[in-house]
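Next comes input39.csv, a file with CSV, C-alpha atoms.
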```
chain,number,residue,atom,x,y,z
G,332,MET,CA,43.3,145.3,-136.0
G,333,ARG,CA,41.5,146.5,-132.9
G,334,ILE,CA,42.7,145.4,-129.4
G,335,ALA,CA,40.8,145.8,-126.2
G,336,VAL,CA,42.9,146.7,-123.2
G,337,LEU,CA,41.5,146.0,-119.7
G,338,ALA,CA,41.8,149.5,-118.1
G,339,LEU,CA,40.5,148.8,-114.6
G,340,GLN,CA,43.8,149.2,-112.8
G,341,GLY,CA,47.5,148.7,-113.6
G,342,ALA,CA,49.9,149.4,-116.5
G,343,PHE,CA,47.4,149.5,-119.3
G,344,ILE,CA,48.4,152.9,-121.0
G,345,GLU,CA,51.9,151.5,-121.8
G,346,HIS,CA,50.4,148.6,-123.7
G,347,GLU,CA,48.1,151.0,-125.6
G,348,GLN,CA,51.1,153.1,-126.6
G,349,MET,CA,53.1,150.1,-127.7
G,350,LEU,CA,50.3,148.7,-129.8
G,351,GLN,CA,49.6,152.1,-131.3
G,352,ARG,CA,53.2,152.5,-132.3
G,353,LEU,CA,52.9,149.2,-134.1
G,354,GLY,CA,49.9,150.4,-136.0
G,355,GLY,CA,47.2,148.8,-133.9
G,356,GLU,CA,44.0,150.5,-132.8
G,357,THR,CA,43.2,150.1,-129.1
G,358,PHE,CA,40.3,150.9,-126.8
G,359,GLU,CA,39.9,150.7,-123.1
G,360,VAL,CA,37.6,148.3,-121.3
G,361,ARG,CA,36.2,149.7,-118.1
G,362,GLN,CA,32.6,148.4,-118.2
G,363,LEU,CA,30.4,145.8,-119.9
G,364,ALA,CA,29.4,148.3,-122.7
G,365,ASP,CA,33.0,148.7,-123.6
G,366,TRP,CA,33.5,144.9,-123.8
G,367,GLN,CA,30.7,144.6,-126.3
G,368,GLN,CA,32.6,146.6,-128.9
G,369,PRO,CA,34.2,144.7,-131.8
G,370,LYS,CA,37.7,143.5,-131.0
G,371,ASP,CA,40.4,141.2,-132.4
G,372,GLY,CA,42.3,140.7,-129.2
G,373,LEU,CA,42.7,141.5,-125.5
G,374,ILE,CA,45.5,142.8,-123.3
G,375,LEU,CA,45.3,141.9,-119.6
G,376,PRO,CA,47.9,144.3,-118.0
G,377,GLY,CA,50.0,144.1,-114.9
G,378,GLY,CA,48.7,145.6,-111.7
G,379,GLU,CA,47.1,144.0,-108.7
G,380,SER,CA,45.4,140.7,-109.7
G,381,THR,CA,43.1,140.5,-106.7
G,382,VAL,CA,41.8,144.0,-107.3
G,383,GLN,CA,41.4,143.3,-111.1
G,384,MET,CA,39.5,140.1,-110.3
G,385,ARG,CA,37.2,141.8,-107.9
G,386,LEU,CA,36.4,144.6,-110.4
G,387,LEU,CA,35.8,142.1,-113.2
G,388,ARG,CA,33.2,140.4,-111.0
G,389,GLN,CA,31.6,143.6,-109.8
G,390,LEU,CA,31.3,145.0,-113.3
G,391,GLY,CA,29.9,141.9,-114.9
G,392,LEU,CA,33.0,141.4,-117.1
G,393,LEU,CA,34.3,138.2,-115.7
G,394,ASP,CA,32.1,135.7,-117.5
G,395,PRO,CA,32.0,137.5,-120.9
G,396,ILE,CA,35.8,137.8,-121.0
G,397,ARG,CA,36.3,134.2,-119.9
G,398,ARG,CA,33.8,133.0,-122.5
G,399,ASP,CA,35.3,135.0,-125.4
G,400,ILE,CA,38.9,133.9,-124.5
G,401,LEU,CA,37.7,130.2,-124.4
G,402,GLU,CA,35.9,130.8,-127.8
G,403,GLY,CA,39.2,131.9,-129.4
G,404,LEU,CA,39.8,135.6,-128.7
G,405,PRO,CA,43.5,136.1,-128.6
G,406,VAL,CA,44.8,137.4,-125.3
G,407,PHE,CA,48.1,138.6,-123.9
G,408,GLY,CA,48.4,138.7,-120.1
G,409,THR,CA,51.4,140.4,-118.4
G,410,CYS,CA,52.3,139.9,-114.7
G,411,ALA,CA,48.9,140.2,-113.0
G,412,GLY,CA,47.3,139.5,-116.4
G,413,MET,CA,49.2,136.2,-116.4
G,414,ILE,CA,47.7,135.4,-113.0
G,415,LEU,CA,44.2,136.2,-114.3
G,416,LEU,CA,44.6,133.7,-117.1
G,417,ALA,CA,45.7,130.9,-114.7
G,418,GLU,CA,43.9,128.0,-113.1
G,419,GLY,CA,41.8,129.2,-110.2
G,420,TRP,CA,41.3,132.7,-111.7
G,421,LEU,CA,39.8,133.1,-115.1
G,422,GLY,CA,41.0,129.5,-115.8
G,423,THR,CA,41.6,130.1,-119.5
G,424,MET,CA,45.2,128.9,-119.5
G,425,ASP,CA,46.5,125.6,-118.2
G,426,ILE,CA,49.1,127.1,-115.8
G,427,ARG,CA,49.4,127.3,-112.1
G,428,VAL,CA,51.2,130.5,-110.9
G,429,ARG,CA,52.9,131.7,-107.8
G,430,ARG,CA,51.8,135.3,-107.0
G,431,ASN,CA,54.4,137.8,-105.8
G,432,ALA,CA,57.0,135.1,-106.3
G,433,TYR,CA,59.9,137.4,-106.3
G,434,GLY,CA,58.8,139.2,-103.1
G,435,ARG,CA,57.9,142.8,-102.4
G,436,GLN,CA,58.6,145.9,-104.6
G,437,LEU,CA,62.3,145.7,-103.5
G,438,GLY,CA,62.4,142.3,-105.2
G,439,SER,CA,61.8,143.8,-108.6
G,440,PHE,CA,64.5,143.3,-111.1
G,441,ASN,CA,65.5,143.3,-114.8
G,442,ALA,CA,66.8,140.4,-116.8
G,443,VAL,CA,67.6,139.6,-120.5
G,444,ALA,CA,66.7,136.2,-121.8
G,445,PRO,CA,65.5,134.4,-124.9
G,446,VAL,CA,61.8,133.9,-125.6
G,447,GLU,CA,61.1,131.0,-128.0
G,448,ALA,CA,59.6,132.2,-131.3
G,449,VAL,CA,60.3,135.8,-130.3
G,450,GLY,CA,64.0,136.2,-130.1
G,451,SER,CA,67.1,136.2,-128.0
G,452,ASP,CA,68.1,139.0,-125.6
G,453,ILE,CA,64.5,140.0,-124.7
G,454,PRO,CA,64.6,142.7,-122.0
G,455,MET,CA,62.4,141.7,-119.1
G,456,THR,CA,61.1,144.0,-116.3
G,457,PHE,CA,59.8,142.0,-113.2
G,458,ILE,CA,57.8,144.0,-110.7
G,459,ARG,CA,56.7,141.9,-107.7
G,460,ALA,CA,56.3,139.4,-110.4
G,461,PRO,CA,54.7,136.0,-110.4
G,462,TYR,CA,56.1,133.0,-112.2
G,463,ILE,CA,54.5,129.8,-113.5
G,464,GLU,CA,54.9,127.0,-111.0
G,465,GLU,CA,53.4,124.4,-113.2
G,466,VAL,CA,52.4,123.9,-116.8
G,467,LEU,CA,49.4,121.6,-116.5
G,468,ASN,CA,49.4,119.9,-120.0
G,469,ASP,CA,51.4,119.7,-123.2
G,470,GLN,CA,49.0,122.1,-125.0
G,471,CYS,CA,50.7,124.9,-123.1
G,472,ARG,CA,54.2,125.6,-124.3
G,473,VAL,CA,57.0,127.1,-122.2
G,474,LEU,CA,58.5,130.0,-124.0
G,475,SER,CA,61.1,131.4,-121.5
G,476,ILE,CA,62.8,130.4,-118.3
G,477,VAL,CA,64.7,132.8,-116.0
G,478,ASP,CA,66.6,131.5,-113.0
G,479,GLY,CA,64.9,128.2,-113.3
G,480,HIS,CA,61.4,129.6,-113.3
G,481,VAL,CA,58.9,129.7,-116.2
G,482,VAL,CA,58.2,133.4,-117.0
G,483,ALA,CA,56.5,133.1,-120.4
G,484,ALA,CA,54.1,130.6,-122.0
G,485,LYS,CA,51.7,130.2,-124.9
G,486,GLN,CA,48.7,128.1,-125.2
G,487,GLY,CA,46.9,128.4,-128.6
G,488,HIS,CA,45.8,132.0,-128.9
G,489,ARG,CA,46.8,132.8,-125.3
G,490,LEU,CA,50.1,134.4,-124.4
G,491,ALA,CA,51.3,135.1,-120.8
G,492,THR,CA,54.4,136.7,-119.4
G,493,ALA,CA,55.5,137.2,-115.8
G,494,PHE,CA,57.4,140.3,-116.9
G,495,HIS,CA,56.3,143.7,-118.3
G,496,PRO,CA,57.4,144.0,-122.0
G,497,GLU,CA,55.4,147.3,-122.2
G,498,LEU,CA,57.8,149.0,-119.9
G,499,THR,CA,60.8,148.6,-122.3
G,500,SER,CA,61.4,150.0,-125.7
G,501,ASP,CA,61.6,146.5,-127.2
G,502,ASP,CA,58.4,145.8,-129.1
G,503,ARG,CA,59.1,142.1,-130.0
G,504,MET,CA,56.6,140.6,-127.5
G,505,HIS,CA,53.8,142.9,-128.7
G,506,ARG,CA,54.7,142.1,-132.3
G,507,TYR,CA,54.5,138.4,-131.4
G,508,PHE,CA,51.0,139.0,-129.9
G,509,ILE,CA,50.0,140.8,-133.1
G,510,ASP,CA,51.1,137.8,-135.1
G,511,ILE,CA,48.9,135.6,-132.9
G,512,VAL,CA,45.9,138.0,-133.5
G,513,ASN,CA,46.5,138.0,-137.3
G,514,ARG,CA,46.5,134.2,-137.6
```

Before we go any further, please render this structure as structure tokens.
Amino acid sequence: MRIAVLALQGAFIEHEQMLQRLGGETFEVRQLADWQQPKDGLILPGGESTVQMRLLRQLGLLDPIRRDILEGLPVFGTCAGMILLAEGWLGTMDIRVRRNAYGRQLGSFNAVAPVEAVGSDIPMTFIRAPYIEEVLNDQCRVLSIVDGHVVAAKQGHRLATAFHPELTSDDRMHRYFIDIVNR
């Protein structure tokens, strides 16, 4: 299993480390030539969504990534990565998100909540996090709700979380993504 990790900005190294601990091979995507390598899945990490989107456009990565996701490439977007998957951005997942929903850096927090199909007591780190305001159709399944807000969803081969599972020692979210890749 070989997973591409978007490495333009944000918390990509932590995803790489988590996947490597689980036996996955990773490589960083920084330019179009990187994207053209063989891959079984993609991680869109947290960071600054507007910066990542601008860089995706400038580097010619936006359309190839969108196309491959729509054609079935498994993808896991965390925090800013979830925003990128949403309607109005890459538009590969039928969700509408609220950016920086929990406020500035001081609004960051930790929670523990169940995630359907993953387990109970999943540790969640929210950093200036978004949440899903609306799931736009029944093909997109809500996986977790915290304080009345949707913070995790799955649609086919696409997984999105408002939180950063790569910043904890709990590997269950990444194991779940690996299961999606292996299907």

Can you check which parts of segment 400-451 of chain G lie within 8 Å of segment 369-382 of chain G? Per residue, the shortest pair of atoms and distance in Å to one decimal, counting only C-alpha atoms, sorted by chain and number, as a Markdown table.
```
| residue | atom | partner | partner_atom | distance |
| --- | --- | --- | --- | --- |
| G:Leu404 | CA | G:Gly372 | CA | 5.7 |
| G:Pro405 | CA | G:Gly372 | CA | 4.8 |
| G:Val406 | CA | G:Leu373 | CA | 4.6 |
| G:Phe407 | CA | G:Ile374 | CA | 5.0 |
| G:Gly408 | CA | G:Leu375 | CA | 4.5 |
| G:Thr409 | CA | G:Pro376 | CA | 5.3 |
| G:Cys410 | CA | G:Gly377 | CA | 4.8 |
| G:Ala411 | CA | G:Gly377 | CA | 4.5 |
| G:Gly412 | CA | G:Leu375 | CA | 4.5 |
| G:Met413 | CA | G:Leu375 | CA | 7.6 |
| G:Ile414 | CA | G:Ser380 | CA | 6.7 |
| G:Leu415 | CA | G:Ser380 | CA | 6.5 |
```

Just the selected residues (C-alpha atoms), exported as an mmCIF file, in the coordinates of the input, please.
```cif
data_model
loop_
_atom_site.group_PDB
_atom_site.id
_atom_site.type_symbol
_atom_site.label_atom_id
_atom_site.label_comp_id
_atom_site.auth_asym_id
_atom_site.auth_seq_id
_atom_site.Cartn_x
_atom_site.Cartn_y
_atom_site.Cartn_z
ATOM 1 C CA LEU G 404 39.800 135.600 -128.700
ATOM 2 C CA PRO G 405 43.500 136.100 -128.600
ATOM 3 C CA VAL G 406 44.800 137.400 -125.300
ATOM 4 C CA PHE G 407 48.100 138.600 -123.900
ATOM 5 C CA GLY G 408 48.400 138.700 -120.100
ATOM 6 C CA THR G 409 51.400 140.400 -118.400
ATOM 7 C CA CYS G 410 52.300 139.900 -114.700
ATOM 8 C CA ALA G 411 48.900 140.200 -113.000
ATOM 9 C CA GLY G 412 47.300 139.500 -116.400
ATOM 10 C CA MET G 413 49.200 136.200 -116.400
ATOM 11 C CA ILE G 414 47.700 135.400 -113.000
ATOM 12 C CA LEU G 415 44.200 136.200 -114.300
#
```

Skip Arg429 of chain G itself and residues of its chain fewer than 6 positions away, then list as a PDB file with C-alpha atoms, in the coordinates of the input all residues within 7 Å of it, counting all atoms listed in the file.
```
ATOM      1  CA  PRO G 461      54.700 136.000-110.400  1.00  0.00           C
ATOM      2  CA  TYR G 462      56.100 133.000-112.200  1.00  0.00           C
ATOM      3  CA  ILE G 463      54.500 129.800-113.500  1.00  0.00           C
ATOM      4  CA  GLU G 464      54.900 127.000-111.000  1.00  0.00           C
TER       5      GLU G 464
END
```

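When only C-alpha atoms are used to measure the gap to Ser451 of chain G, the shortest distance among G:Glu402, G:Asp425, G:Glu345, G:Asp501 belongs to G:Asp501.
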
Give me the residues near Gly422 of chain G as an mmCIF file with C-alpha atoms, in the frame of the given file, where near means some atom within 12 Å (using all atoms listed in the file) and where sequence neighbours in that chain fewer than 3 positions away do not count.
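What follows is the written file around-v9.cif:
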```
data_model
loop_
_atom_site.group_PDB
_atom_site.id
_atom_site.type_symbol
_atom_site.label_atom_id
_atom_site.label_comp_id
_atom_site.auth_asym_id
_atom_site.auth_seq_id
_atom_site.Cartn_x
_atom_site.Cartn_y
_atom_site.Cartn_z
ATOM 1 C CA LEU G 393 34.300 138.200 -115.700
ATOM 2 C CA ASP G 394 32.100 135.700 -117.500
ATOM 3 C CA ILE G 396 35.800 137.800 -121.000
ATOM 4 C CA ARG G 397 36.300 134.200 -119.900
ATOM 5 C CA ARG G 398 33.800 133.000 -122.500
ATOM 6 C CA ILE G 400 38.900 133.900 -124.500
ATOM 7 C CA LEU G 401 37.700 130.200 -124.400
ATOM 8 C CA GLY G 412 47.300 139.500 -116.400
ATOM 9 C CA MET G 413 49.200 136.200 -116.400
ATOM 10 C CA ILE G 414 47.700 135.400 -113.000
ATOM 11 C CA LEU G 415 44.200 136.200 -114.300
ATOM 12 C CA LEU G 416 44.600 133.700 -117.100
ATOM 13 C CA ALA G 417 45.700 130.900 -114.700
ATOM 14 C CA GLU G 418 43.900 128.000 -113.100
ATOM 15 C CA GLY G 419 41.800 129.200 -110.200
ATOM 16 C CA ASP G 425 46.500 125.600 -118.200
ATOM 17 C CA ILE G 426 49.100 127.100 -115.800
ATOM 18 C CA ARG G 427 49.400 127.300 -112.100
ATOM 19 C CA VAL G 428 51.200 130.500 -110.900
ATOM 20 C CA LEU G 467 49.400 121.600 -116.500
ATOM 21 C CA ARG G 489 46.800 132.800 -125.300
#
```

Calculate how many Å separate atom CA of Ser475 of chain G from atom CA of Thr423 of chain G, rounding to one decimal. 19.6 Å

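What separates atom CA of Glu465 of chain G from atom CA of Ala483 of chain G is a distance of 11.7 Å.
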
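For Leu387 of chain G, the list of residues within 10 Å, based on all atoms listed in the file and with local chain neighbours fewer than 2 positions off taken out, reads Leu337, Leu339, Arg361, Gln362, Leu363, Thr381, Val382, Gln383, Met384, Arg385, Gln389, Leu390, Gly391, Leu392, Leu393, Asp394, Pro395 and Ile396 of chain G.
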